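Structure first, then comments.
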Amino acid sequence: MSKELKVVIYGLGAIGSLIAKNLLNRKNVKLIGGIDVDPSKVDKDLGEVIGMGKIGAKVVHDNDAEEILNREKLDVAIHTVTTYLDKAYSQLEKCIKAGVNVVSTAETLAYPWYRFPRIAEKLDSLAKKYNVTIIGTGVNPGFIFDTLPAFLTSVCVNVKNIHIIRSIDASKRRYPFQKKYGLSLTPEEFEEKMKKGEITAHVGYAESIMLISSMLGIKLDKVFEKQEPIIADKPMETNYFKIEAGQVCGIRGLGVGYIDDREFIKLELLAAVGREDYDEVIIDGNPPLKWRNEYGTAGDIATAAMVINVIPKILNAPKGLITMKNITIPSYTSEF
């Protein structure tokens with residue numbers, strides 16, 4: 001691709017900043033600026049905010065997002081602000097009305113018709129009106145729990161069951177991850193904060209299940225999700241938390257998609273201090289298949305990579321609100 005792509009970063013937290021840093025190394029990409037609400041970042045050079053030195057691109061406040069979105073014809077906005085679509089809607093709307101395509105890491109945007117059907121239909125209609133494409137993706141949802149296993153079924157003539165396990169050593173993750181998984185809380189505090197939405201652990205089991213089923217053309221009868229704390233049986237410590245025996249050291253998450261009363265898709269997330277890092281996909285089909293990544297998939301850089309590598313795909317994708325089902329298979333590309 002010879003055309004220079006003009007990109008804005010909407011949200012300069014850890015993931016947005018990581019994406020920006022890696023985009024600076026891509027040919028034919030120009031970072032036009034950033035959008036954030038943090039006073040320590042607003043009105044500064046984007047390059048300085050991400051620790052790369054001045055690049056001549058300004059960071060503006062979310063209230064002034066239209067200033068940068070409408071300043072010149074942008075190609076893509078990378079949105080890395082929030083998990084929930086209802087909270088992200090106004091920001092996505094600004095991008096769409098400015099005629100800018102959007103790649104977002106909002107987990108509930110990976111398959112928004114499950115949790116936010118009305119907002120999804122509204123976004124789809126708006127995106128088609130303004131002739132842009134919007135997609136939610138990342139490492140999970142976006143890859144481990146959905147796109148990868150769906151792709152692996154390509155060698156099967158029939159599939160009876162799909163079981164995916166993601167095991168994560170939570171002690172290796174950054175502070176926001178450890179906090180939202182409730183490390184060092186008592187079991188009672190964990191349950192209370194989960195109910196209030198003060199912590200979330202993983203979000204997207206149902207979205208991944210619905211995304212797989214849509215890719216396979218399977219109609220599910222029901223979807224089940226739950227998360228429960230893993231309790232430490234001895235003192236533990238991370239870079240950010242001291243955990244006593246009896247306190248939370250991680251979570252056990254489960255998502256199941258059923259056909260009648262039979263499990264068709266089962267997702268398991270085991271994220272705790274000291275766990276082995278690995279990803280595993282087991283397909284009961286003809287032929288049977290077992291895929292395992294012994295390294296585990298590094299969440300932050302993998303999310304940044306997926307977002308970056310999806311950019312050239314959405315530029316040629318259908319207009320409107322789409323999912324990973326609607327684009328050609330993404331892959332690493334050194335330039336676009």
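Every chain in the structure tokens takes a letter, A first, then B, and so on in the order presented; its residues are numbered from 1, and the ligands are numbered from 1 following the presented order.
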Residue contacts of Glu48 of chain A (10 Å, only C-alpha atoms) excluding same-chain residues fewer than 6 positions away, as a ChimeraX atom specification
/A:41,54-59
Can I get the selection written as a compact mmCIF listing (two decimals), in the first residue's frame, with N, CA and C atoms?
# COMPACT_ATOMS: atom_id res chain seq x y z
N LYS A 41 -1.45 14.75 29.86
CA LYS A 41 -1.18 14.40 28.47
C LYS A 41 -1.73 15.43 27.49
N LYS A 54 9.40 14.36 20.39
CA LYS A 54 8.41 15.10 19.61
C LYS A 54 8.28 14.57 18.19
N ILE A 55 7.01 14.46 17.75
CA ILE A 55 6.74 14.02 16.38
C ILE A 55 5.85 15.03 15.64
N GLY A 56 5.51 16.13 16.32
CA GLY A 56 4.69 17.15 15.68
C GLY A 56 3.22 16.81 15.63
N ALA A 57 2.73 16.04 16.60
CA ALA A 57 1.32 15.65 16.67
C ALA A 57 0.81 15.95 18.07
N LYS A 58 -0.27 16.70 18.16
CA LYS A 58 -0.78 17.18 19.44
C LYS A 58 -1.80 16.23 20.05
N VAL A 59 -1.85 16.20 21.39
CA VAL A 59 -2.89 15.47 22.12
C VAL A 59 -3.93 16.48 22.58
Taking 3 positions as the minimum chain separation for residues in the same chain, which residues sit within 8 Å of Leu321 of chain A when counting only C-alpha atoms? Answer as a list in words.
Ala120, Leu123, Asp124, Ala127, Thr133, Ile134 and Ile135 of chain A
Dump as CSV the rows for residues of segment 199-268 of chain A within 6 Å of segment 181-187 of chain A: closest atom pair and distance in Å with one decimal, only C-alpha atoms counted, ordered by chain and rising residue number.
residue,atom,partner,partner_atom,distance
A:Ala201,CA,A:Tyr181,CA,4.3
A:Ile243,CA,A:Ser184,CA,4.7
A:Gln247,CA,A:Thr186,CA,4.7
A:Val248,CA,A:Leu183,CA,5.2
A:Cys249,CA,A:Leu183,CA,5.1
Backbone DSSP call of helix (DSSP H, G or I) for segment 17-190 of chain A, listed as number ranges by chain
A: 17-23, 46-49, 62-69, 85-97, 107-109, 117-129, 147-155, 170-172, 175-180, 187-190
Any idea what's packed within 8 Å of segment 274-289 of chain A, counting only C-alpha atoms, ignoring anything in its chain fewer than 6 positions away? Could you give it as a VMD selection string?
chain A and resid 144 149 153 155 to 171 295 to 297
Record the distance separating atom CA of Lys172 of chain A and atom CA of Ser40 of chain A, expressed in Å with one decimal.
26.9 Å
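DSSP secondary structure from the backbone places Asn158, Val159, Lys160, Asn161, Ile162, His163, Ile164, Ile165, Arg166, Ser167, Ile168 and Asp169 of chain A of segment 144-217 of chain A in strand (DSSP E or B).
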Print the selection's residues with all heavy atoms to a file, as a JSON list (two decimals), in the first residue's frame.
[["chain", "number", "residue", "atom", "x", "y", "z"],
["A", 158, "ASN", "N", -16.50, -32.01, 10.24],
["A", 158, "ASN", "CA", -17.57, -31.75, 11.21],
["A", 158, "ASN", "C", -16.95, -31.46, 12.56],
["A", 158, "ASN", "O", -15.81, -31.83, 12.83],
["A", 158, "ASN", "CB", -18.59, -32.91, 11.28],
["A", 158, "ASN", "CG", -17.97, -34.20, 11.77],
["A", 158, "ASN", "OD1", -17.41, -34.25, 12.86],
["A", 158, "ASN", "ND2", -18.06, -35.25, 10.96],
["A", 159, "VAL", "N", -17.70, -30.76, 13.40],
["A", 159, "VAL", "CA", -17.22, -30.36, 14.72],
["A", 159, "VAL", "C", -18.30, -30.65, 15.75],
["A", 159, "VAL", "O", -19.45, -30.22, 15.60],
["A", 159, "VAL", "CB", -16.87, -28.85, 14.75],
["A", 159, "VAL", "CG1", -16.49, -28.42, 16.17],
["A", 159, "VAL", "CG2", -15.74, -28.54, 13.77],
["A", 160, "LYS", "N", -17.93, -31.40, 16.78],
["A", 160, "LYS", "CA", -18.87, -31.71, 17.86],
["A", 160, "LYS", "C", -18.73, -30.77, 19.04],
["A", 160, "LYS", "O", -19.71, -30.45, 19.72],
["A", 160, "LYS", "CB", -18.65, -33.16, 18.33],
["A", 160, "LYS", "CG", -18.92, -34.22, 17.28],
["A", 160, "LYS", "CD", -18.62, -35.61, 17.84],
["A", 160, "LYS", "CE", -18.85, -36.69, 16.78],
["A", 160, "LYS", "NZ", -18.51, -38.03, 17.31],
["A", 161, "ASN", "N", -17.50, -30.35, 19.28],
["A", 161, "ASN", "CA", -17.25, -29.54, 20.48],
["A", 161, "ASN", "C", -15.94, -28.79, 20.33],
["A", 161, "ASN", "O", -14.99, -29.30, 19.74],
["A", 161, "ASN", "CB", -17.19, -30.46, 21.72],
["A", 161, "ASN", "CG", -16.85, -29.71, 22.99],
["A", 161, "ASN", "OD1", -15.68, -29.51, 23.31],
["A", 161, "ASN", "ND2", -17.87, -29.29, 23.70],
["A", 162, "ILE", "N", -15.91, -27.56, 20.86],
["A", 162, "ILE", "CA", -14.69, -26.76, 20.89],
["A", 162, "ILE", "C", -14.42, -26.35, 22.33],
["A", 162, "ILE", "O", -15.30, -25.80, 23.00],
["A", 162, "ILE", "CB", -14.83, -25.49, 20.02],
["A", 162, "ILE", "CG1", -15.13, -25.86, 18.57],
["A", 162, "ILE", "CG2", -13.55, -24.65, 20.09],
["A", 162, "ILE", "CD1", -15.46, -24.67, 17.69],
["A", 163, "HIS", "N", -13.22, -26.61, 22.80],
["A", 163, "HIS", "CA", -12.83, -26.29, 24.18],
["A", 163, "HIS", "C", -11.54, -25.48, 24.13],
["A", 163, "HIS", "O", -10.54, -25.93, 23.57],
["A", 163, "HIS", "CB", -12.62, -27.57, 24.98],
["A", 163, "HIS", "CG", -12.29, -27.35, 26.42],
["A", 163, "HIS", "ND1", -11.79, -28.35, 27.22],
["A", 163, "HIS", "CD2", -12.40, -26.26, 27.21],
["A", 163, "HIS", "CE1", -11.59, -27.89, 28.45],
["A", 163, "HIS", "NE2", -11.96, -26.61, 28.46],
["A", 164, "ILE", "N", -11.58, -24.28, 24.69],
["A", 164, "ILE", "CA", -10.41, -23.38, 24.68],
["A", 164, "ILE", "C", -10.02, -23.06, 26.11],
["A", 164, "ILE", "O", -10.88, -22.69, 26.92],
["A", 164, "ILE", "CB", -10.69, -22.09, 23.91],
["A", 164, "ILE", "CG1", -11.19, -22.40, 22.49],
["A", 164, "ILE", "CG2", -9.45, -21.22, 23.83],
["A", 164, "ILE", "CD1", -12.43, -21.68, 22.12],
["A", 165, "ILE", "N", -8.75, -23.18, 26.41],
["A", 165, "ILE", "CA", -8.23, -22.86, 27.74],
["A", 165, "ILE", "C", -7.15, -21.79, 27.60],
["A", 165, "ILE", "O", -6.24, -21.92, 26.77],
["A", 165, "ILE", "CB", -7.62, -24.10, 28.42],
["A", 165, "ILE", "CG1", -8.64, -25.24, 28.48],
["A", 165, "ILE", "CG2", -7.11, -23.75, 29.82],
["A", 165, "ILE", "CD1", -8.03, -26.58, 28.85],
["A", 166, "ARG", "N", -7.27, -20.75, 28.39],
["A", 166, "ARG", "CA", -6.23, -19.71, 28.43],
["A", 166, "ARG", "C", -5.74, -19.63, 29.87],
["A", 166, "ARG", "O", -6.50, -19.32, 30.79],
["A", 166, "ARG", "CB", -6.78, -18.37, 27.96],
["A", 166, "ARG", "CG", -5.74, -17.24, 27.97],
["A", 166, "ARG", "CD", -6.13, -16.19, 26.94],
["A", 166, "ARG", "NE", -5.42, -14.93, 27.06],
["A", 166, "ARG", "CZ", -4.17, -14.71, 26.64],
["A", 166, "ARG", "NH1", -3.47, -15.70, 26.14],
["A", 166, "ARG", "NH2", -3.64, -13.51, 26.73],
["A", 167, "SER", "N", -4.46, -19.94, 30.07],
["A", 167, "SER", "CA", -3.85, -19.93, 31.39],
["A", 167, "SER", "C", -2.83, -18.81, 31.46],
["A", 167, "SER", "O", -1.97, -18.70, 30.58],
["A", 167, "SER", "CB", -3.18, -21.28, 31.67],
["A", 167, "SER", "OG", -2.53, -21.27, 32.93],
["A", 168, "ILE", "N", -2.92, -17.98, 32.50],
["A", 168, "ILE", "CA", -2.10, -16.77, 32.59],
["A", 168, "ILE", "C", -1.48, -16.65, 33.98],
["A", 168, "ILE", "O", -2.18, -16.81, 35.00],
["A", 168, "ILE", "CB", -2.95, -15.51, 32.33],
["A", 168, "ILE", "CG1", -3.55, -15.53, 30.93],
["A", 168, "ILE", "CG2", -2.14, -14.24, 32.55],
["A", 168, "ILE", "CD1", -4.55, -14.42, 30.67],
["A", 169, "ASP", "N", -0.20, -16.37, 34.02],
["A", 169, "ASP", "CA", 0.46, -16.01, 35.28],
["A", 169, "ASP", "C", 0.18, -14.53, 35.53],
["A", 169, "ASP", "O", 0.80, -13.66, 34.92],
["A", 169, "ASP", "CB", 1.96, -16.27, 35.20],
["A", 169, "ASP", "CG", 2.68, -15.96, 36.52],
["A", 169, "ASP", "OD1", 2.04, -15.42, 37.43],
["A", 169, "ASP", "OD2", 3.89, -16.26, 36.61]]
Any idea what's packed within 10 Å of Glu121 of chain A, counting only C-alpha atoms, ignoring anything in its chain fewer than 5 positions away? Could you give it as a PyMOL selection string?
chain A and resi 112-113+116+126-127+320-321
Just to be explicit: take each residue in the selection above, keep all heavy atoms, and write the result as a PDB file, in the first residue's frame.
ATOM      1  N   PRO A 112     -21.165  -7.002  19.396  1.00  0.00           N
ATOM      2  CA  PRO A 112     -22.000  -6.106  20.210  1.00  0.00           C
ATOM      3  C   PRO A 112     -23.480  -6.442  20.239  1.00  0.00           C
ATOM      4  O   PRO A 112     -24.206  -5.942  21.107  1.00  0.00           O
ATOM      5  CB  PRO A 112     -21.760  -4.741  19.553  1.00  0.00           C
ATOM      6  CG  PRO A 112     -21.421  -5.064  18.139  1.00  0.00           C
ATOM      7  CD  PRO A 112     -20.620  -6.336  18.210  1.00  0.00           C
ATOM      8  N   TRP A 113     -23.955  -7.278  19.315  1.00  0.00           N
ATOM      9  CA  TRP A 113     -25.380  -7.600  19.265  1.00  0.00           C
ATOM     10  C   TRP A 113     -25.813  -8.457  20.452  1.00  0.00           C
ATOM     11  O   TRP A 113     -26.992  -8.566  20.729  1.00  0.00           O
ATOM     12  CB  TRP A 113     -25.711  -8.298  17.950  1.00  0.00           C
ATOM     13  CG  TRP A 113     -25.429  -7.427  16.771  1.00  0.00           C
ATOM     14  CD1 TRP A 113     -26.265  -6.504  16.219  1.00  0.00           C
ATOM     15  CD2 TRP A 113     -24.220  -7.363  16.027  1.00  0.00           C
ATOM     16  NE1 TRP A 113     -25.649  -5.869  15.167  1.00  0.00           N
ATOM     17  CE2 TRP A 113     -24.397  -6.377  15.015  1.00  0.00           C
ATOM     18  CE3 TRP A 113     -23.008  -8.048  16.096  1.00  0.00           C
ATOM     19  CZ2 TRP A 113     -23.396  -6.065  14.102  1.00  0.00           C
ATOM     20  CZ3 TRP A 113     -22.007  -7.733  15.185  1.00  0.00           C
ATOM     21  CH2 TRP A 113     -22.215  -6.751  14.199  1.00  0.00           C
ATOM     22  N   PHE A 116     -25.383  -5.328  23.642  1.00  0.00           N
ATOM     23  CA  PHE A 116     -25.892  -3.989  23.326  1.00  0.00           C
ATOM     24  C   PHE A 116     -26.519  -3.971  21.936  1.00  0.00           C
ATOM     25  O   PHE A 116     -26.044  -3.256  21.041  1.00  0.00           O
ATOM     26  CB  PHE A 116     -24.749  -2.970  23.402  1.00  0.00           C
ATOM     27  CG  PHE A 116     -24.132  -2.823  24.757  1.00  0.00           C
ATOM     28  CD1 PHE A 116     -22.896  -3.412  25.033  1.00  0.00           C
ATOM     29  CD2 PHE A 116     -24.765  -2.114  25.761  1.00  0.00           C
ATOM     30  CE1 PHE A 116     -22.307  -3.288  26.283  1.00  0.00           C
ATOM     31  CE2 PHE A 116     -24.184  -1.968  27.018  1.00  0.00           C
ATOM     32  CZ  PHE A 116     -22.956  -2.559  27.286  1.00  0.00           C
ATOM     33  N   LEU A 126     -25.287   4.240  11.385  1.00  0.00           N
ATOM     34  CA  LEU A 126     -24.514   5.484  11.319  1.00  0.00           C
ATOM     35  C   LEU A 126     -23.252   5.295  10.471  1.00  0.00           C
ATOM     36  O   LEU A 126     -22.914   6.149   9.643  1.00  0.00           O
ATOM     37  CB  LEU A 126     -24.142   5.928  12.731  1.00  0.00           C
ATOM     38  CG  LEU A 126     -23.682   7.376  12.930  1.00  0.00           C
ATOM     39  CD1 LEU A 126     -24.815   8.345  12.601  1.00  0.00           C
ATOM     40  CD2 LEU A 126     -23.218   7.577  14.378  1.00  0.00           C
ATOM     41  N   ALA A 127     -22.571   4.164  10.674  1.00  0.00           N
ATOM     42  CA  ALA A 127     -21.341   3.905   9.925  1.00  0.00           C
ATOM     43  C   ALA A 127     -21.624   3.771   8.429  1.00  0.00           C
ATOM     44  O   ALA A 127     -20.848   4.259   7.590  1.00  0.00           O
ATOM     45  CB  ALA A 127     -20.667   2.646  10.449  1.00  0.00           C
ATOM     46  N   GLY A 320     -19.945  -0.194   7.641  1.00  0.00           N
ATOM     47  CA  GLY A 320     -20.861  -0.479   8.732  1.00  0.00           C
ATOM     48  C   GLY A 320     -20.122  -1.076   9.915  1.00  0.00           C
ATOM     49  O   GLY A 320     -18.886  -1.052   9.995  1.00  0.00           O
ATOM     50  N   LEU A 321     -20.884  -1.622  10.864  1.00  0.00           N
ATOM     51  CA  LEU A 321     -20.331  -2.268  12.043  1.00  0.00           C
ATOM     52  C   LEU A 321     -20.084  -3.737  11.707  1.00  0.00           C
ATOM     53  O   LEU A 321     -21.023  -4.471  11.386  1.00  0.00           O
ATOM     54  CB  LEU A 321     -21.312  -2.143  13.209  1.00  0.00           C
ATOM     55  CG  LEU A 321     -20.964  -2.877  14.500  1.00  0.00           C
ATOM     56  CD1 LEU A 321     -19.600  -2.480  15.028  1.00  0.00           C
ATOM     57  CD2 LEU A 321     -22.048  -2.624  15.546  1.00  0.00           C
TER      58      LEU A 321
END
